[in-house]
file target23.txt (compact mmCIF, C-alpha atoms)
# COMPACT_ATOMS: atom_id res chain seq x y z
CA MET A 1 -102.65 11.69 184.81
CA LYS A 2 -102.66 10.09 181.35
CA SER A 3 -100.01 12.56 180.14
CA ARG A 4 -97.78 11.78 183.13
CA LEU A 5 -98.15 8.04 182.43
CA LEU A 6 -97.10 8.49 178.80
CA ILE A 7 -94.03 10.46 179.88
CA LEU A 8 -93.05 7.74 182.36
CA LEU A 9 -93.47 5.04 179.72
CA ALA A 10 -91.30 6.98 177.28
CA MET A 11 -88.60 7.32 179.93
CA SER A 12 -88.77 3.61 180.71
CA PHE A 13 -88.02 2.54 177.11
CA PRO A 14 -84.95 4.31 175.70
CA SER A 15 -84.72 5.07 172.00
CA SER A 16 -83.38 2.24 169.87
CA ALA A 17 -79.64 2.01 169.31
CA GLU A 18 -77.92 3.30 166.20
CA GLN A 19 -78.10 0.68 163.43
CA ILE A 20 -75.57 -0.26 160.76
CA VAL A 21 -76.56 -2.33 157.71
CA VAL A 22 -73.99 -4.93 156.60
CA ALA A 23 -74.30 -7.56 153.88
CA SER A 24 -72.64 -10.48 152.14
CA ASP A 25 -73.53 -13.80 150.58
CA ILE A 26 -73.68 -17.08 152.50
CA TRP A 27 -70.18 -18.43 153.10
CA CYS A 28 -70.59 -20.65 156.15
CA PRO A 29 -68.95 -21.08 158.68
CA TYR A 30 -67.75 -17.52 158.04
CA ILE A 31 -71.19 -16.12 157.14
CA CYS A 32 -74.24 -18.34 157.71
CA THR A 33 -78.01 -18.00 157.72
CA ASP A 34 -80.02 -16.73 160.72
CA ASN A 35 -77.37 -14.16 161.73
CA SER A 36 -74.82 -16.87 162.49
CA GLY A 37 -71.26 -17.54 161.35
CA TYR A 38 -68.15 -16.41 163.10
CA VAL A 39 -67.58 -13.28 160.96
CA VAL A 40 -71.21 -12.23 161.48
CA GLU A 41 -70.99 -12.78 165.24
CA LEU A 42 -67.65 -10.97 165.54
CA THR A 43 -69.09 -8.01 163.65
CA GLN A 44 -72.32 -7.94 165.67
CA GLN A 45 -70.57 -8.19 169.03
CA ALA A 46 -67.83 -5.70 168.13
CA PHE A 47 -70.44 -3.08 167.25
CA ALA A 48 -72.61 -4.00 170.24
CA SER A 49 -69.64 -3.16 172.47
CA VAL A 50 -69.77 0.42 171.12
CA ASP A 51 -73.60 0.62 171.28
CA ILE A 52 -74.34 0.05 167.60
CA GLU A 53 -76.84 -2.56 166.38
CA VAL A 54 -76.02 -4.59 163.26
CA LYS A 55 -78.65 -5.48 160.68
CA PHE A 56 -77.29 -8.26 158.43
CA GLU A 57 -78.68 -8.76 154.92
CA THR A 58 -77.95 -11.66 152.57
CA LEU A 59 -77.01 -10.33 149.13
CA PRO A 60 -74.95 -11.59 146.18
CA PHE A 61 -71.36 -10.67 147.02
CA GLN A 62 -70.75 -8.51 143.94
CA ARG A 63 -73.94 -6.55 144.64
CA ALA A 64 -72.98 -6.07 148.31
CA LEU A 65 -69.61 -4.65 147.21
CA ARG A 66 -71.27 -2.30 144.73
CA LEU A 67 -73.95 -1.08 147.16
CA THR A 68 -71.34 -0.41 149.82
CA SER A 69 -69.22 1.59 147.39
CA GLN A 70 -72.37 3.57 146.46
CA HIS A 71 -73.16 4.19 150.18
CA LYS A 72 -76.53 2.41 149.87
CA ILE A 73 -75.54 -0.03 152.63
CA ASP A 74 -72.89 0.55 155.27
CA ALA A 75 -70.53 -2.41 155.02
CA VAL A 76 -69.75 -5.70 153.33
CA LEU A 77 -68.29 -8.68 155.19
CA ALA A 78 -65.28 -10.90 154.42
CA VAL A 79 -63.51 -8.77 151.83
CA THR A 80 -59.85 -8.74 150.89
CA ALA A 81 -57.47 -5.78 150.64
CA GLU A 82 -57.90 -6.00 146.87
CA HIS A 83 -61.70 -5.64 147.19
CA ILE A 84 -61.19 -2.58 149.41
CA ALA A 85 -58.90 -1.00 146.82
CA SER A 86 -60.94 -2.00 143.75
CA PHE A 87 -64.25 -0.69 145.13
CA SER A 88 -62.74 2.32 146.95
CA LEU A 89 -63.97 1.12 150.33
CA SER A 90 -62.83 2.23 153.74
CA GLY A 91 -61.48 0.00 156.49
CA ASP A 92 -58.91 -0.02 159.26
CA LEU A 93 -57.70 -3.37 157.91
CA VAL A 94 -58.51 -5.18 161.12
CA SER A 95 -58.29 -8.81 160.05
CA ILE A 96 -61.29 -10.95 160.98
CA GLY A 97 -60.05 -14.15 159.40
CA GLN A 98 -58.24 -15.63 156.45
CA TYR A 99 -58.71 -18.12 153.66
CA THR A 100 -56.76 -20.27 151.24
CA ASN A 101 -57.59 -21.37 147.71
CA ASP A 102 -58.40 -25.07 147.74
CA PHE A 103 -59.32 -27.34 144.84
CA TYR A 104 -62.07 -29.96 144.59
CA THR A 105 -63.13 -32.37 141.86
CA ALA A 106 -65.80 -35.01 141.46
CA ALA A 107 -65.17 -38.02 143.68
CA ASP A 108 -64.09 -40.29 140.84
CA SER A 109 -61.37 -37.97 139.53
CA ASN A 110 -57.65 -38.57 140.19
CA TRP A 111 -56.49 -35.05 139.31
CA HIS A 112 -54.34 -33.20 141.86
CA PHE A 113 -53.19 -29.57 141.95
CA THR A 114 -49.47 -29.03 141.50
CA ASP A 115 -49.18 -25.55 139.99
CA LEU A 116 -51.20 -23.13 137.85
CA ALA A 117 -50.20 -25.00 134.70
CA SER A 118 -52.00 -28.09 136.03
CA LEU A 119 -55.28 -26.13 135.67
CA ASP A 120 -54.89 -25.62 131.92
CA ASP A 121 -57.16 -28.41 130.70
CA MET A 122 -59.77 -28.06 133.45
CA LEU A 123 -63.23 -26.46 133.17
CA ILE A 124 -63.22 -24.43 136.40
CA ALA A 125 -66.11 -23.21 138.58
CA THR A 126 -65.52 -20.02 140.58
CA ILE A 127 -67.75 -17.32 142.10
CA LEU A 128 -68.27 -13.94 140.46
CA GLY A 129 -66.61 -11.11 142.37
CA TYR A 130 -64.47 -13.29 144.63
CA ASP A 131 -60.80 -12.45 145.07
CA TYR A 132 -58.59 -15.52 144.62
CA GLY A 133 -55.28 -13.73 145.11
CA GLN A 134 -53.06 -12.02 142.58
CA SER A 135 -51.58 -15.03 140.79
CA LEU A 136 -54.81 -17.01 140.51
CA ASN A 137 -56.83 -13.89 139.62
CA GLN A 138 -54.46 -13.16 136.74
CA TYR A 139 -54.61 -16.76 135.57
CA LEU A 140 -58.44 -16.87 135.69
CA GLU A 141 -58.75 -13.56 133.80
CA LYS A 142 -57.06 -15.18 130.81
CA ARG A 143 -58.85 -18.51 131.06
CA GLN A 144 -61.76 -19.40 128.81
CA PRO A 145 -64.02 -21.17 129.20
CA GLN A 146 -64.84 -21.11 132.90
CA ILE A 147 -68.03 -20.98 134.96
CA ARG A 148 -68.53 -18.00 137.30
CA THR A 149 -71.65 -18.33 139.44
CA SER A 150 -73.43 -15.63 141.46
CA GLY A 151 -76.51 -15.25 143.64
CA GLU A 152 -77.07 -15.76 147.37
CA THR A 153 -75.78 -19.39 147.44
CA PRO A 154 -73.28 -19.64 144.56
CA LEU A 155 -71.19 -22.34 146.22
CA LYS A 156 -74.20 -24.65 146.33
CA SER A 157 -74.49 -24.21 142.56
CA ASN A 158 -70.79 -24.97 142.07
CA LEU A 159 -71.00 -28.10 144.21
CA TYR A 160 -73.88 -29.34 142.05
CA LEU A 161 -71.92 -28.63 138.86
CA THR A 162 -68.88 -30.47 140.21
CA ALA A 163 -70.82 -33.47 141.52
CA LYS A 164 -72.67 -33.82 138.20
CA HIS A 165 -69.45 -33.53 136.12
CA ARG A 166 -70.67 -30.28 134.52
CA VAL A 167 -67.30 -28.77 135.48
CA ASP A 168 -63.94 -30.43 136.18
CA LEU A 169 -62.87 -28.36 139.14
CA LEU A 170 -64.21 -26.19 141.95
CA ILE A 171 -62.05 -23.53 143.61
CA GLY A 172 -62.92 -22.27 147.10
CA ASN A 173 -62.01 -22.49 150.77
CA ARG A 174 -61.85 -25.99 152.24
CA TYR A 175 -63.73 -25.10 155.44
CA VAL A 176 -66.54 -23.46 153.51
CA ILE A 177 -66.71 -26.22 150.90
CA ALA A 178 -66.73 -28.99 153.52
CA HIS A 179 -69.49 -27.27 155.51
CA THR A 180 -71.66 -26.55 152.46
CA ALA A 181 -71.15 -30.07 151.07
CA ARG A 182 -72.37 -31.55 154.37
CA GLN A 183 -75.33 -29.18 154.42
CA PHE A 184 -76.54 -30.09 150.91
CA GLY A 185 -75.49 -33.74 150.76
CA TYR A 186 -72.48 -33.52 148.43
CA THR A 187 -69.77 -34.85 150.76
CA ARG A 188 -69.47 -38.21 148.98
CA ASP A 189 -69.68 -36.64 145.52
CA ILE A 190 -66.56 -34.47 145.72
CA ARG A 191 -62.93 -34.89 146.75
CA TYR A 192 -60.18 -32.57 147.99
CA ALA A 193 -57.50 -32.23 145.31
CA GLY A 194 -54.92 -29.91 146.85
CA SER A 195 -54.35 -26.32 147.94
CA GLU A 196 -52.49 -23.28 146.64
CA ASN A 197 -51.41 -22.65 150.28
CA ASN A 198 -51.32 -18.86 149.98
CA ILE A 199 -53.09 -17.24 152.96
CA THR A 200 -55.27 -14.16 152.29
CA PRO A 201 -56.51 -12.00 155.22
CA LEU A 202 -60.20 -11.02 155.35
CA TYR A 203 -61.67 -7.71 156.52
CA VAL A 204 -64.92 -5.74 156.81
CA GLY A 205 -65.21 -3.10 154.08
CA PHE A 206 -67.06 0.16 154.81
CA GLY A 207 -68.29 3.00 152.64
CA ASN A 208 -65.56 5.50 151.82
CA ASN A 209 -67.24 8.58 153.31
CA ASP A 210 -67.29 10.23 156.74
CA LYS A 211 -69.96 7.81 157.99
CA GLY A 212 -68.08 4.78 156.70
CA ARG A 213 -64.75 5.91 158.12
CA SER A 214 -66.43 6.53 161.47
CA TYR A 215 -67.89 3.02 161.43
CA ALA A 216 -64.49 1.56 160.51
CA ALA A 217 -62.88 3.25 163.52
CA LYS A 218 -65.68 2.10 165.83
CA PHE A 219 -65.38 -1.43 164.49
CA ALA A 220 -61.64 -1.46 165.21
CA GLN A 221 -62.38 -0.31 168.75
CA GLY A 222 -65.10 -2.93 169.10
CA ILE A 223 -62.77 -5.75 168.01
CA GLU A 224 -60.23 -4.58 170.57
CA ASN A 225 -62.96 -4.59 173.22
CA LEU A 226 -63.81 -8.21 172.34
CA LYS A 227 -60.16 -9.25 172.54
CA GLN A 228 -59.77 -7.60 175.94
CA SER A 229 -62.92 -9.30 177.29
CA GLY A 230 -62.07 -12.75 175.88
CA GLU A 231 -65.25 -12.83 173.77
CA TYR A 232 -63.23 -12.68 170.55
CA GLN A 233 -61.53 -16.00 171.25
CA ALA A 234 -64.77 -17.50 172.54
CA ILE A 235 -66.46 -16.85 169.17
CA LEU A 236 -63.54 -18.38 167.27
CA ASP A 237 -63.62 -21.43 169.54
CA LYS A 238 -67.38 -21.81 169.01
CA TYR A 239 -66.81 -22.24 165.28
CA GLN A 240 -63.52 -24.13 165.66
CA ILE A 241 -61.62 -21.40 163.82
CA ALA A 242 -57.90 -20.89 164.33
CA PHE A 243 -55.81 -18.18 162.69

call {"tool": "encode", "arguments": {"input": "target23.txt", "output": "structure tokens"}}
result
Amino acid sequence: MKSRLLILLAMSFPSSAEQIVVASDIWCPYICTDNSGYVVELTQQAFASVDIEVKFETLPFQRALRLTSQHKIDAVLAVTAEHIASFSLSGDLVSIGQYTNDFYTAADSNWHFTDLASLDDMLIATILGYDYGQSLNQYLEKRQPQIRTSGETPLKSNLYLTAKHRVDLLIGNRYVIAHTARQFGYTRDIRYAGSENNITPLYVGFGNNDKGRSYAAKFAQGIENLKQSGEYQAILDKYQIAF
């Protein structure tokens, strides 16, 4: 009788779903804490639609890229085409968003971005491993000195440096900067100083092996499932994202 009961219990609780491990740093509202953020939710729901569970880990972005390329985790969120090429990642290049390069200074500054030459006398804060587009990447590679932060919350560090006049300029995405500034109380300490206005698509990057390529194909199918069901747009609307 006991054996029959154990068999029935085992049949009543199916084995857990296949699990994929994805990672990135905090970049809210794209990637937030507590498994939130529109990129996190899109990824989770896309894989759920093909019966795969997502485990999200918060890691420094450069480390997440490296671990994915080494097949120690399965995917990294919010990467550009250049990241995919540079780290030999796999991906069906299904865009999950986009960003622009925007410029912020301390609140009492009157500087405004006009072109790359206007950056020449500025001490700039950026984030290690981030892709700022071809022209700005090339400019930053030649620029010294500059501050390149890393860790799980590098933007918080850059906001502090900007607010305290430790750097002249912060480069990032306006939606992310505005959200993080509100979260940590820096809204009144910084000011928007212009945008480069070049739009860069964002993707999910997978390991470049059979497993990674399989996940990339399933992710593409999952995103299509979400679009067909209307859940894709519902997630964008929840976070007030339009692209």

call {"tool": "atom_distance", "arguments": {"input": "target23.txt", "atom1": "atom CA of Glu41 of chain A", "atom2": "atom CA of Asp74 of chain A"}}
result
16.8 Å

call {"tool": "closest_atom_pairs", "arguments": {"input": "target23.txt", "of": "segment 123-196 of chain A", "to": "segment 98-110 of chain A", "cutoff": "10 Å", "atoms": "all atoms listed in the file", "output": "Markdown table"}}
result
| residue | atom | partner | partner_atom | distance |
| --- | --- | --- | --- | --- |
| A:Ile124 | CA | A:Thr105 | CA | 9.6 |
| A:Ala125 | CA | A:Tyr104 | CA | 9.9 |
| A:Asp131 | CA | A:Asn101 | CA | 9.8 |
| A:Tyr132 | CA | A:Asn101 | CA | 6.7 |
| A:Gly133 | CA | A:Asn101 | CA | 8.4 |
| A:Leu136 | CA | A:Asn101 | CA | 8.9 |
| A:Leu159 | CA | A:Ala106 | CA | 9.1 |
| A:Tyr160 | CA | A:Ala106 | CA | 9.9 |
| A:Leu161 | CA | A:Ala106 | CA | 9.2 |
| A:Thr162 | CA | A:Ala106 | CA | 5.6 |
| A:Ala163 | CA | A:Ala106 | CA | 5.3 |
| A:Lys164 | CA | A:Ala106 | CA | 7.7 |
| A:His165 | CA | A:Ala106 | CA | 6.6 |
| A:Arg166 | CA | A:Ala106 | CA | 9.7 |
| A:Val167 | CA | A:Thr105 | CA | 8.4 |
| A:Asp168 | CA | A:Thr105 | CA | 6.1 |
| A:Leu169 | CA | A:Thr105 | CA | 4.9 |
| A:Leu170 | CA | A:Tyr104 | CA | 5.1 |
| A:Ile171 | CA | A:Phe103 | CA | 4.8 |
| A:Gly172 | CA | A:Asp102 | CA | 5.4 |
| A:Asn173 | CA | A:Asp102 | CA | 5.4 |
| A:Arg174 | CA | A:Asp102 | CA | 5.7 |
| A:Tyr175 | CA | A:Tyr99 | CA | 8.8 |
| A:Val176 | CA | A:Tyr99 | CA | 9.5 |
| A:Ile177 | CA | A:Tyr104 | CA | 8.7 |
| A:Tyr186 | CA | A:Ala106 | CA | 9.8 |
| A:Thr187 | CA | A:Ala107 | CA | 9.0 |
| A:Arg188 | CA | A:Ala107 | CA | 6.8 |
| A:Asp189 | CA | A:Ala107 | CA | 5.1 |
| A:Ile190 | CA | A:Ala107 | CA | 4.3 |
| A:Arg191 | CA | A:Ala107 | CA | 4.9 |
| A:Tyr192 | CA | A:Tyr104 | CA | 4.7 |
| A:Ala193 | CA | A:Tyr104 | CA | 5.2 |
| A:Gly194 | CA | A:Phe103 | CA | 5.5 |
| A:Ser195 | CA | A:Asp102 | CA | 4.2 |
| A:Glu196 | CA | A:Asn101 | CA | 5.6 |

call {"tool": "residues_around", "arguments": {"input": "target23.txt", "residues": "Asn35 of chain A", "least_positions_apart": "2", "cutoff": "10 Å", "atoms": "all atoms listed in the file", "output": "NGL selection string"}}
result
:A and (31-33 or 37-41 or 44 or 54-58)

call {"tool": "closest_residue", "arguments": {"input": "target23.txt", "among": "A:Ala81, A:Ile52, A:Cys28, A:Leu59", "to": "Leu202 of chain A", "atoms": "all atoms listed in the file"}}
result
A:Ala81

call {"tool": "atom_distance", "arguments": {"input": "target23.txt", "atom1": "atom CA of Leu119 of chain A", "atom2": "atom CA of Ile147 of chain A"}}
result
13.8 Å

call {"tool": "closest_residue", "arguments": {"input": "target23.txt", "among": "A:Leu116, A:Ile223, A:Ala178, A:Leu65", "to": "Ile235 of chain A", "atoms": "only C-alpha atoms"}}
result
A:Ile223

call {"tool": "closest_residue", "arguments": {"input": "target23.txt", "among": "A:Gln240, A:Ser49, A:Gln183, A:Gln228", "to": "Leu155 of chain A", "atoms": "all atoms listed in the file"}}
result
A:Gln183

call {"tool": "atom_distance", "arguments": {"input": "target23.txt", "atom1": "atom CA of Trp27 of chain A", "atom2": "atom CA of Leu67 of chain A"}}
result
18.7 Å

call {"tool": "residues_around", "arguments": {"input": "target23.txt", "residues": "Phe219 of chain A", "least_positions_apart": "5", "cutoff": "10 Å", "atoms": "all atoms listed in the file", "output": "list in words"}}
result
Leu42, Thr43, Gln44, Gln45, Ala46, Phe47, Ala48, Ser49, Val50, Ile52, Gly91, Asp92, Val94, Val204, Phe206, Arg213, Ser214, Glu224 and Asn225 of chain A

call {"tool": "residues_around", "arguments": {"input": "target23.txt", "residues": "Pro201 of chain A", "least_positions_apart": "2", "cutoff": "9 Å", "atoms": "all atoms listed in the file", "output": "PyMOL selection string"}}
result
chain A and resi 78-81+95-99+199+203
